[in-house]
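As provided, structure-v3.txt (compact mmCIF, C-alpha atoms (C1' of nucleotides)) reads as follows.
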```
# COMPACT_ATOMS: atom_id res chain seq x y z
CA MET Q 18 37.71 4.91 -9.57
CA GLY Q 19 35.84 8.16 -9.96
CA LYS Q 20 32.88 8.56 -7.64
CA GLN Q 21 30.59 9.41 -10.53
CA MET Q 22 31.52 6.21 -12.33
CA THR Q 23 30.92 4.19 -9.20
CA GLU Q 24 27.43 5.56 -8.85
CA MET Q 25 26.65 5.23 -12.53
CA LEU Q 26 27.65 1.59 -12.53
CA LYS Q 27 24.93 0.84 -10.04
CA GLY Q 28 22.31 -1.10 -11.89
CA THR Q 29 24.29 -1.22 -15.11
CA LEU Q 30 27.17 -3.42 -14.00
CA GLU Q 31 24.71 -6.19 -13.36
CA GLY Q 32 23.39 -5.93 -16.91
CA ILE Q 33 26.91 -5.81 -18.27
CA VAL Q 34 27.89 -9.03 -16.53
CA LEU Q 35 24.67 -10.77 -17.53
CA THR Q 36 25.28 -9.76 -21.13
CA ILE Q 37 28.76 -11.26 -20.97
CA LEU Q 38 27.24 -14.46 -19.60
CA ALA Q 39 24.64 -14.44 -22.35
CA ALA Q 40 27.42 -14.82 -24.90
CA ARG Q 41 28.91 -17.80 -23.12
CA PRO Q 42 29.25 -19.24 -19.59
CA ALA Q 43 32.16 -17.92 -17.57
CA TYR Q 44 33.60 -17.88 -14.06
CA GLY Q 45 34.32 -14.92 -11.86
CA TYR Q 46 37.97 -14.41 -12.47
CA GLU Q 47 37.41 -14.73 -16.20
CA ILE Q 48 34.59 -12.21 -16.12
CA THR Q 49 36.77 -9.69 -14.31
CA ALA Q 50 39.40 -10.11 -17.02
CA GLY Q 51 36.68 -9.76 -19.66
CA LEU Q 52 35.58 -6.49 -18.12
CA ARG Q 53 39.13 -5.19 -18.28
CA ASP Q 54 39.35 -6.14 -21.95
CA ARG Q 55 36.15 -4.22 -22.61
CA GLY Q 56 37.44 -1.02 -21.06
CA PHE Q 57 36.05 -1.40 -17.56
CA SER Q 58 39.54 -1.47 -16.20
CA ASP Q 59 38.86 -0.33 -12.67
CA ILE Q 60 36.35 -2.94 -11.67
CA VAL Q 61 37.95 -5.09 -9.06
CA GLU Q 62 37.42 -8.76 -8.32
CA GLY Q 63 35.62 -8.26 -5.02
CA THR Q 64 32.93 -6.28 -6.79
CA VAL Q 65 32.35 -8.93 -9.40
CA TYR Q 66 32.17 -11.82 -6.95
CA ALA Q 67 29.65 -10.01 -4.79
CA LEU Q 68 27.54 -9.34 -7.86
CA LEU Q 69 27.72 -12.99 -8.90
CA VAL Q 70 26.49 -14.08 -5.49
CA ARG Q 71 23.52 -11.76 -5.86
CA ILE Q 72 22.46 -12.91 -9.30
CA GLU Q 73 22.86 -16.52 -8.23
CA GLN Q 74 20.62 -16.00 -5.22
CA ARG Q 75 18.00 -14.41 -7.44
CA GLY Q 76 18.09 -17.42 -9.72
CA LEU Q 77 19.21 -15.56 -12.83
CA VAL Q 78 22.12 -17.92 -13.46
CA ASP Q 79 22.98 -21.58 -13.11
CA VAL Q 80 26.23 -22.56 -11.44
CA GLU Q 81 28.58 -25.46 -11.98
CA LYS Q 82 31.80 -26.15 -10.11
CA VAL Q 83 34.64 -27.08 -12.42
CA PRO Q 84 38.11 -28.12 -11.17
CA SER Q 85 40.89 -25.84 -12.30
CA GLU Q 86 44.41 -26.70 -13.33
CA LYS Q 87 45.63 -23.79 -11.29
CA GLY Q 88 44.16 -22.78 -7.96
CA PRO Q 89 40.81 -23.54 -6.40
CA PRO Q 90 37.83 -24.85 -8.40
CA ARG Q 91 36.05 -22.45 -10.69
CA LYS Q 92 32.41 -21.57 -10.32
CA VAL Q 93 31.13 -21.38 -13.85
CA TYR Q 94 28.00 -19.26 -14.26
CA SER Q 95 25.58 -19.53 -17.16
CA LEU Q 96 22.53 -17.43 -17.91
CA ASN Q 97 19.23 -19.31 -17.55
CA ALA Q 98 15.73 -18.52 -18.79
CA LEU Q 99 14.86 -16.21 -15.92
CA GLY Q 100 18.17 -14.41 -16.39
CA GLY Q 101 17.36 -14.01 -20.05
CA GLU Q 102 14.07 -12.31 -19.29
CA TYR Q 103 15.76 -10.11 -16.75
CA LEU Q 104 18.40 -9.16 -19.28
CA GLU Q 105 15.80 -8.22 -21.85
CA GLU Q 106 14.21 -5.89 -19.35
CA PHE Q 107 17.61 -4.47 -18.58
CA TRP Q 108 18.05 -3.47 -22.20
CA ARG Q 109 14.58 -1.97 -22.37
CA THR Q 110 15.30 0.09 -19.28
CA TRP Q 111 18.71 1.09 -20.54
CA SER Q 112 17.35 2.19 -23.91
CA PHE Q 113 14.63 4.25 -22.28
CA LEU Q 114 17.07 6.00 -19.99
CA ALA Q 115 19.85 6.46 -22.53
CA GLU Q 116 17.44 7.95 -25.06
CA ARG Q 117 16.19 10.55 -22.63
CA ILE Q 118 19.63 11.40 -21.38
CA GLU Q 119 20.98 11.82 -24.89
CA GLN Q 120 18.01 14.05 -25.60
CA LEU Q 121 19.01 16.19 -22.65
CA HIS Q 122 22.59 16.20 -23.82
CA SER Q 123 21.70 17.51 -27.25
CA GLU Q 124 19.40 20.16 -25.78
CA ARG Q 125 22.30 21.31 -23.70
CA ALA Q 126 24.57 21.39 -26.72
CA GLU Q 127 22.07 23.62 -28.53
CA GLY Q 128 22.05 25.92 -25.54
CA GLU Q 129 25.80 26.49 -25.81
CA HIS Q 130 27.27 28.82 -28.38
CA MET D 13 8.98 2.25 -10.56
CA GLY D 14 10.95 -0.72 -11.80
CA LYS D 15 13.79 -1.79 -9.59
CA GLN D 16 16.22 -1.74 -12.51
CA MET D 17 15.32 1.85 -13.31
CA THR D 18 15.77 2.86 -9.69
CA GLU D 19 19.28 1.46 -9.65
CA MET D 20 20.19 2.88 -13.02
CA LEU D 21 19.11 6.34 -11.96
CA LYS D 22 21.70 6.28 -9.21
CA GLY D 23 24.45 8.55 -10.36
CA THR D 24 22.59 9.71 -13.44
CA LEU D 25 19.67 11.51 -11.83
CA GLU D 26 22.08 13.96 -10.30
CA GLY D 27 23.55 14.75 -13.70
CA ILE D 28 20.09 15.06 -15.19
CA VAL D 29 19.04 17.64 -12.62
CA LEU D 30 22.30 19.55 -12.94
CA THR D 31 21.81 19.65 -16.70
CA ILE D 32 18.33 21.08 -16.25
CA LEU D 33 19.79 23.72 -13.94
CA ALA D 34 22.50 24.48 -16.48
CA ALA D 35 19.82 25.61 -18.91
CA ARG D 36 18.26 27.97 -16.39
CA PRO D 37 17.77 28.31 -12.62
CA ALA D 38 14.80 26.48 -11.18
CA TYR D 39 13.19 25.45 -7.91
CA GLY D 40 12.39 21.96 -6.69
CA TYR D 41 8.76 21.72 -7.58
CA GLU D 42 9.49 23.09 -11.02
CA ILE D 43 12.32 20.62 -11.57
CA THR D 44 10.06 17.71 -10.67
CA ALA D 45 7.55 18.92 -13.24
CA GLY D 46 10.39 19.33 -15.77
CA LEU D 47 11.43 15.73 -15.20
CA ARG D 48 7.89 14.56 -15.86
CA ASP D 49 7.82 16.53 -19.10
CA ARG D 50 11.04 14.87 -20.17
CA GLY D 51 9.72 11.37 -19.67
CA PHE D 52 10.97 10.71 -16.15
CA SER D 53 7.42 10.41 -14.99
CA ASP D 54 7.93 8.31 -11.89
CA ILE D 55 10.39 10.51 -10.09
CA VAL D 56 8.68 11.87 -7.05
CA GLU D 57 9.19 15.14 -5.23
CA GLY D 58 10.85 13.67 -2.16
CA THR D 59 13.60 12.26 -4.33
CA VAL D 60 14.28 15.58 -5.99
CA TYR D 61 14.35 17.58 -2.77
CA ALA D 62 16.78 15.19 -1.17
CA LEU D 63 19.02 15.43 -4.22
CA LEU D 64 18.88 19.22 -4.16
CA VAL D 65 19.95 19.24 -0.53
CA ARG D 66 22.94 17.10 -1.44
CA ILE D 67 24.15 19.19 -4.36
CA GLU D 68 23.71 22.33 -2.31
CA GLN D 69 25.80 20.93 0.52
CA ARG D 70 28.51 20.02 -1.95
CA GLY D 71 28.53 23.55 -3.27
CA LEU D 72 27.54 22.70 -6.83
CA VAL D 73 24.66 25.17 -6.86
CA ASP D 74 23.77 28.58 -5.49
CA VAL D 75 20.45 29.06 -3.74
CA GLU D 76 18.13 32.01 -3.51
CA LYS D 77 14.84 32.18 -1.64
CA VAL D 78 12.10 33.76 -3.68
CA PRO D 79 8.60 34.44 -2.31
CA SER D 80 5.86 32.65 -4.19
CA GLU D 81 2.38 33.86 -5.06
CA LYS D 82 1.04 30.51 -4.04
CA GLY D 83 2.39 28.51 -1.14
CA PRO D 84 5.66 28.76 0.75
CA PRO D 85 8.73 30.53 -0.63
CA ARG D 86 10.62 28.86 -3.46
CA LYS D 87 14.23 27.84 -3.22
CA VAL D 88 15.66 28.69 -6.60
CA TYR D 89 18.80 26.75 -7.48
CA SER D 90 21.34 27.83 -10.08
CA LEU D 91 24.43 26.02 -11.29
CA ASN D 92 27.68 27.67 -10.25
CA ALA D 93 31.25 27.26 -11.53
CA LEU D 94 32.01 24.19 -9.44
CA GLY D 95 28.74 22.64 -10.54
CA GLY D 96 29.67 23.34 -14.13
CA GLU D 97 32.93 21.46 -13.78
CA TYR D 98 31.16 18.62 -12.07
CA LEU D 99 28.62 18.49 -14.86
CA GLU D 100 31.31 18.33 -17.50
CA GLU D 101 32.83 15.36 -15.76
CA PHE D 102 29.41 13.80 -15.56
CA TRP D 103 29.09 13.93 -19.32
CA ARG D 104 32.58 12.53 -19.81
CA THR D 105 31.75 9.64 -17.50
CA TRP D 106 28.41 9.09 -19.14
CA SER D 107 29.91 9.04 -22.63
CA PHE D 108 32.56 6.59 -21.57
CA LEU D 109 30.05 4.24 -20.03
CA ALA D 110 27.37 4.58 -22.70
CA GLU D 111 29.89 3.91 -25.46
CA ARG D 112 31.06 0.68 -23.89
CA ILE D 113 27.58 -0.50 -23.08
CA GLU D 114 26.37 0.16 -26.60
CA GLN D 115 29.39 -1.76 -27.83
CA LEU D 116 28.30 -4.69 -25.69
CA HIS D 117 24.75 -4.34 -26.95
CA SER D 118 25.80 -4.57 -30.56
CA GLU D 119 28.06 -7.54 -29.87
CA ARG D 120 25.10 -9.29 -28.33
CA ALA D 121 22.95 -8.46 -31.34
CA GLU D 122 25.53 -10.06 -33.63
CA GLY D 123 25.47 -13.18 -31.49
CA GLU D 124 21.74 -13.65 -32.11
CA HIS D 125 20.50 -15.09 -35.38
C1' DA E 16 62.64 -26.25 1.35
C1' DT E 17 60.82 -21.71 0.92
C1' DC E 18 59.07 -17.86 -0.97
C1' DC E 19 56.78 -15.44 -4.70
C1' DG E 20 53.40 -14.95 -8.17
C1' DC E 21 49.37 -16.23 -10.49
C1' DT E 22 44.87 -18.23 -10.30
C1' DA E 23 40.36 -18.19 -7.86
C1' DT E 24 36.94 -17.26 -4.35
C1' DT E 25 34.85 -15.20 -0.06
C1' DC E 26 33.40 -11.78 3.22
C1' DA E 27 32.72 -7.97 6.68
C1' DG E 28 32.27 -3.18 6.74
C1' DT E 29 31.52 1.49 4.38
C1' DG E 30 29.32 5.31 1.82
C1' DT E 31 26.15 6.82 -1.51
C1' DT E 32 22.01 6.73 -3.64
C1' DG E 33 16.95 6.84 -4.80
C1' DC E 34 12.41 5.51 -2.81
C1' DT E 35 8.50 5.41 0.64
C1' DA E 36 5.75 7.76 3.54
C1' DT E 37 4.62 11.37 6.14
C1' DC E 38 4.61 16.03 7.85
C1' DT E 39 4.53 21.05 7.60
C1' DA E 40 3.13 25.37 5.40
C1' DC E 41 0.77 28.93 2.34
C1' DC E 42 -2.98 30.39 -0.45
C1' DG E 43 -7.53 30.75 -3.09
C1' DG E 44 -11.97 29.16 -4.01
C1' DT E 45 -16.23 26.87 -2.56
C1' DA Y 16 -14.44 25.65 7.63
C1' DC Y 17 -12.66 22.76 4.16
C1' DC Y 18 -10.20 21.11 0.12
C1' DG Y 19 -6.92 21.17 -3.64
C1' DG Y 20 -2.85 22.89 -5.66
C1' DT Y 21 1.70 24.74 -4.66
C1' DA Y 22 6.18 24.15 -2.15
C1' DG Y 23 9.52 22.04 0.89
C1' DA Y 24 11.63 18.85 4.64
C1' DT Y 25 12.80 14.45 6.66
C1' DA Y 26 13.29 9.81 8.95
C1' DG Y 27 13.90 5.18 7.71
C1' DC Y 28 14.70 1.64 4.12
C1' DA Y 29 16.88 -1.34 0.48
C1' DA Y 30 20.21 -1.93 -2.96
C1' DC Y 31 24.48 -1.38 -4.87
C1' DA Y 32 29.61 -0.90 -5.80
C1' DC Y 33 33.90 -0.36 -3.31
C1' DT Y 34 37.68 -1.24 0.21
C1' DG Y 35 40.56 -4.33 2.28
C1' DA Y 36 41.67 -8.45 3.84
C1' DA Y 37 41.70 -13.39 4.15
C1' DT Y 38 41.86 -18.13 2.27
C1' DA Y 39 43.46 -21.73 -0.93
C1' DG Y 40 45.98 -24.37 -4.74
C1' DC Y 41 49.67 -24.71 -7.79
C1' DG Y 42 54.13 -23.76 -10.39
C1' DG Y 43 58.56 -21.93 -10.78
C1' DA Y 44 62.44 -19.22 -8.95
C1' DT Y 45 65.73 -18.48 -5.16
```
For the file at hand, write its structure as C-alpha cells.
Amino acid sequence: MGKQMTEMLKGTLEGIVLTILAARPAYGYEITAGLRDRGFSDIVEGTVYALLVRIEQRGLVDVEKVPSEKGPPRKVYSLNALGGEYLEEFWRTWSFLAERIEQLHSERAEGEH
Amino acid sequence: MGKQMTEMLKGTLEGIVLTILAARPAYGYEITAGLRDRGFSDIVEGTVYALLVRIEQRGLVDVEKVPSEKGPPRKVYSLNALGGEYLEEFWRTWSFLAERIEQLHSERAEGEH
DNA sequence: ATCCGCTATTCAGTGTTGCTATCTACCGGT
DNA sequence: ACCGGTAGATAGCAACACTGAATAGCGGAT
C-alpha cells in the first residue's frame, strides 16, 4: 500500500469499521471482505483484527462467539451505545476536516491556470 | 484537541502544509498562523516545526534563511518539483479515500429512518 | 492418508505520525 | 531590568496501521 494511504487511514479506518458494524454485526474475516468490496482492497486481515481488539477493549462494541461451519469460531462484533456515540463524533470530526481540506483544494485549483 | 482529530490529521496535515506552500513560500511561524486562519486552530507550533523538518529531510521543499526584523532569522520553505509530485499524489490519495468514506456515510444515512 | 486451500483469529515487532512540554534566541517598549 | 511578541528546535510520549508469521478447523483433491 502507498505510504500516504497508510498514514491517511490512521483514525479513519476505525470509523470505517465502526460504520460497517453500525449497519449490522459482523466478524473480522467478514469485515475484511467487506472492506475489499468497498474499494479498500489493500487492507489486510492483521490490520483489521488488531483494530477490533482495540475497539473491544475500549468498550465500543459487544462481542459474541459463534461457532462456524468452517474453521475456528467467529467473533461477531456489534456496535453498542458507547460505540454509537463515538461514531457520531467520528462523523463530526470527519466533516470538519474534510470541509476544510476541500476548501484548501479548491483554493489551490483557483491558483492554477 | 480531540483524540480522533489528532489521529485523522496523521497523513493529512503534511498535505495541508504542502498545499499552503504550493500557493507561496512561507516560514514556520507564518504557516502556523495560516493554519489557524483556515480553521485548524489547535495545531501548535511544535507540531508544524517537526513536520517542516521532516519534509525538508525528504527533499520536498527548498529552504532559505531570511533575517527577520523581529526575532531570530526565518526559515522560508518553498515547494520544489519533488514536493509538487508528492502533493499531486496526496490529492489523488485523498480523493480516493474521501470518495469511499462519503459513500459509506450516505449508505449509513439511508439505513437510518 | 496426506496435502492443499479456504476460513478465521492472534500476536510480536516496526515505522510514522502528531502532541506535550520545554528550551533557546532576538527585539522593542515600558 | 523585565516582559511580550516573534521565531525555531527538540526529547519523550501515545496511537495507529503494517509486516510477517503462527495457530486452528474443515473439506476436497491427489
Define the interface residues of chain Y facing chain D as those within 10 Å, counting all atoms listed in the file, and report them as a PyMOL selection string.
-> chain Y and resi 20-25+30-31
Could you list the residues in chain D lying within 10 Å of chain Q, using only C-alpha atoms, and format the result as a PDB file with C-alpha atoms, in the coordinates of the input?
```
ATOM      1  CA  GLY D  14      10.950  -0.720 -11.800  1.00  0.00           C
ATOM      2  CA  LYS D  15      13.790  -1.790  -9.590  1.00  0.00           C
ATOM      3  CA  GLN D  16      16.220  -1.740 -12.510  1.00  0.00           C
ATOM      4  CA  MET D  17      15.320   1.850 -13.310  1.00  0.00           C
ATOM      5  CA  THR D  18      15.770   2.860  -9.690  1.00  0.00           C
ATOM      6  CA  GLU D  19      19.280   1.460  -9.650  1.00  0.00           C
ATOM      7  CA  MET D  20      20.190   2.880 -13.020  1.00  0.00           C
ATOM      8  CA  LEU D  21      19.110   6.340 -11.960  1.00  0.00           C
ATOM      9  CA  LYS D  22      21.700   6.280  -9.210  1.00  0.00           C
ATOM     10  CA  GLY D  23      24.450   8.550 -10.360  1.00  0.00           C
ATOM     11  CA  THR D  24      22.590   9.710 -13.440  1.00  0.00           C
ATOM     12  CA  LEU D  25      19.670  11.510 -11.830  1.00  0.00           C
ATOM     13  CA  GLU D  26      22.080  13.960 -10.300  1.00  0.00           C
ATOM     14  CA  GLY D  27      23.550  14.750 -13.700  1.00  0.00           C
ATOM     15  CA  ILE D  28      20.090  15.060 -15.190  1.00  0.00           C
ATOM     16  CA  THR D  31      21.810  19.650 -16.700  1.00  0.00           C
ATOM     17  CA  ILE D  32      18.330  21.080 -16.250  1.00  0.00           C
ATOM     18  CA  ALA D  34      22.500  24.480 -16.480  1.00  0.00           C
ATOM     19  CA  ALA D  35      19.820  25.610 -18.910  1.00  0.00           C
ATOM     20  CA  ARG D  50      11.040  14.870 -20.170  1.00  0.00           C
ATOM     21  CA  GLY D  51       9.720  11.370 -19.670  1.00  0.00           C
ATOM     22  CA  PHE D  52      10.970  10.710 -16.150  1.00  0.00           C
ATOM     23  CA  TYR D  98      31.160  18.620 -12.070  1.00  0.00           C
ATOM     24  CA  GLU D 101      32.830  15.360 -15.760  1.00  0.00           C
ATOM     25  CA  PHE D 102      29.410  13.800 -15.560  1.00  0.00           C
ATOM     26  CA  TRP D 103      29.090  13.930 -19.320  1.00  0.00           C
ATOM     27  CA  ARG D 104      32.580  12.530 -19.810  1.00  0.00           C
ATOM     28  CA  THR D 105      31.750   9.640 -17.500  1.00  0.00           C
ATOM     29  CA  TRP D 106      28.410   9.090 -19.140  1.00  0.00           C
ATOM     30  CA  SER D 107      29.910   9.040 -22.630  1.00  0.00           C
ATOM     31  CA  PHE D 108      32.560   6.590 -21.570  1.00  0.00           C
ATOM     32  CA  LEU D 109      30.050   4.240 -20.030  1.00  0.00           C
ATOM     33  CA  ALA D 110      27.370   4.580 -22.700  1.00  0.00           C
ATOM     34  CA  ARG D 112      31.060   0.680 -23.890  1.00  0.00           C
ATOM     35  CA  ILE D 113      27.580  -0.500 -23.080  1.00  0.00           C
ATOM     36  CA  GLU D 114      26.370   0.160 -26.600  1.00  0.00           C
ATOM     37  CA  GLN D 115      29.390  -1.760 -27.830  1.00  0.00           C
ATOM     38  CA  LEU D 116      28.300  -4.690 -25.690  1.00  0.00           C
ATOM     39  CA  HIS D 117      24.750  -4.340 -26.950  1.00  0.00           C
ATOM     40  CA  GLU D 119      28.060  -7.540 -29.870  1.00  0.00           C
ATOM     41  CA  ARG D 120      25.100  -9.290 -28.330  1.00  0.00           C
ATOM     42  CA  GLY D 123      25.470 -13.180 -31.490  1.00  0.00           C
ATOM     43  CA  GLU D 124      21.740 -13.650 -32.110  1.00  0.00           C
TER      44      GLU D 124
END
```
Pull out every residue of chain E sitting within 8 Å of chain D, counting all atoms listed in the file, and send them as a list in words.
->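 Filtering chain E at 8 Å from chain D with all atoms listed in the file gives DT32, DG33, DC34, DA40, DC41 and DC42 of chain E.
Atom to atom, C1' of DT31 in chain E and CA of Glu102 in chain Q stand 28.8 Å apart.
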Expressed in Å to a single decimal, how great is the separation between CA of Pro84 in chain Q and C1' of DA44 in chain Y?
->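 For CA of Pro84 in chain Q relative to C1' of DA44 in chain Y, the distance reads 26.0 Å.
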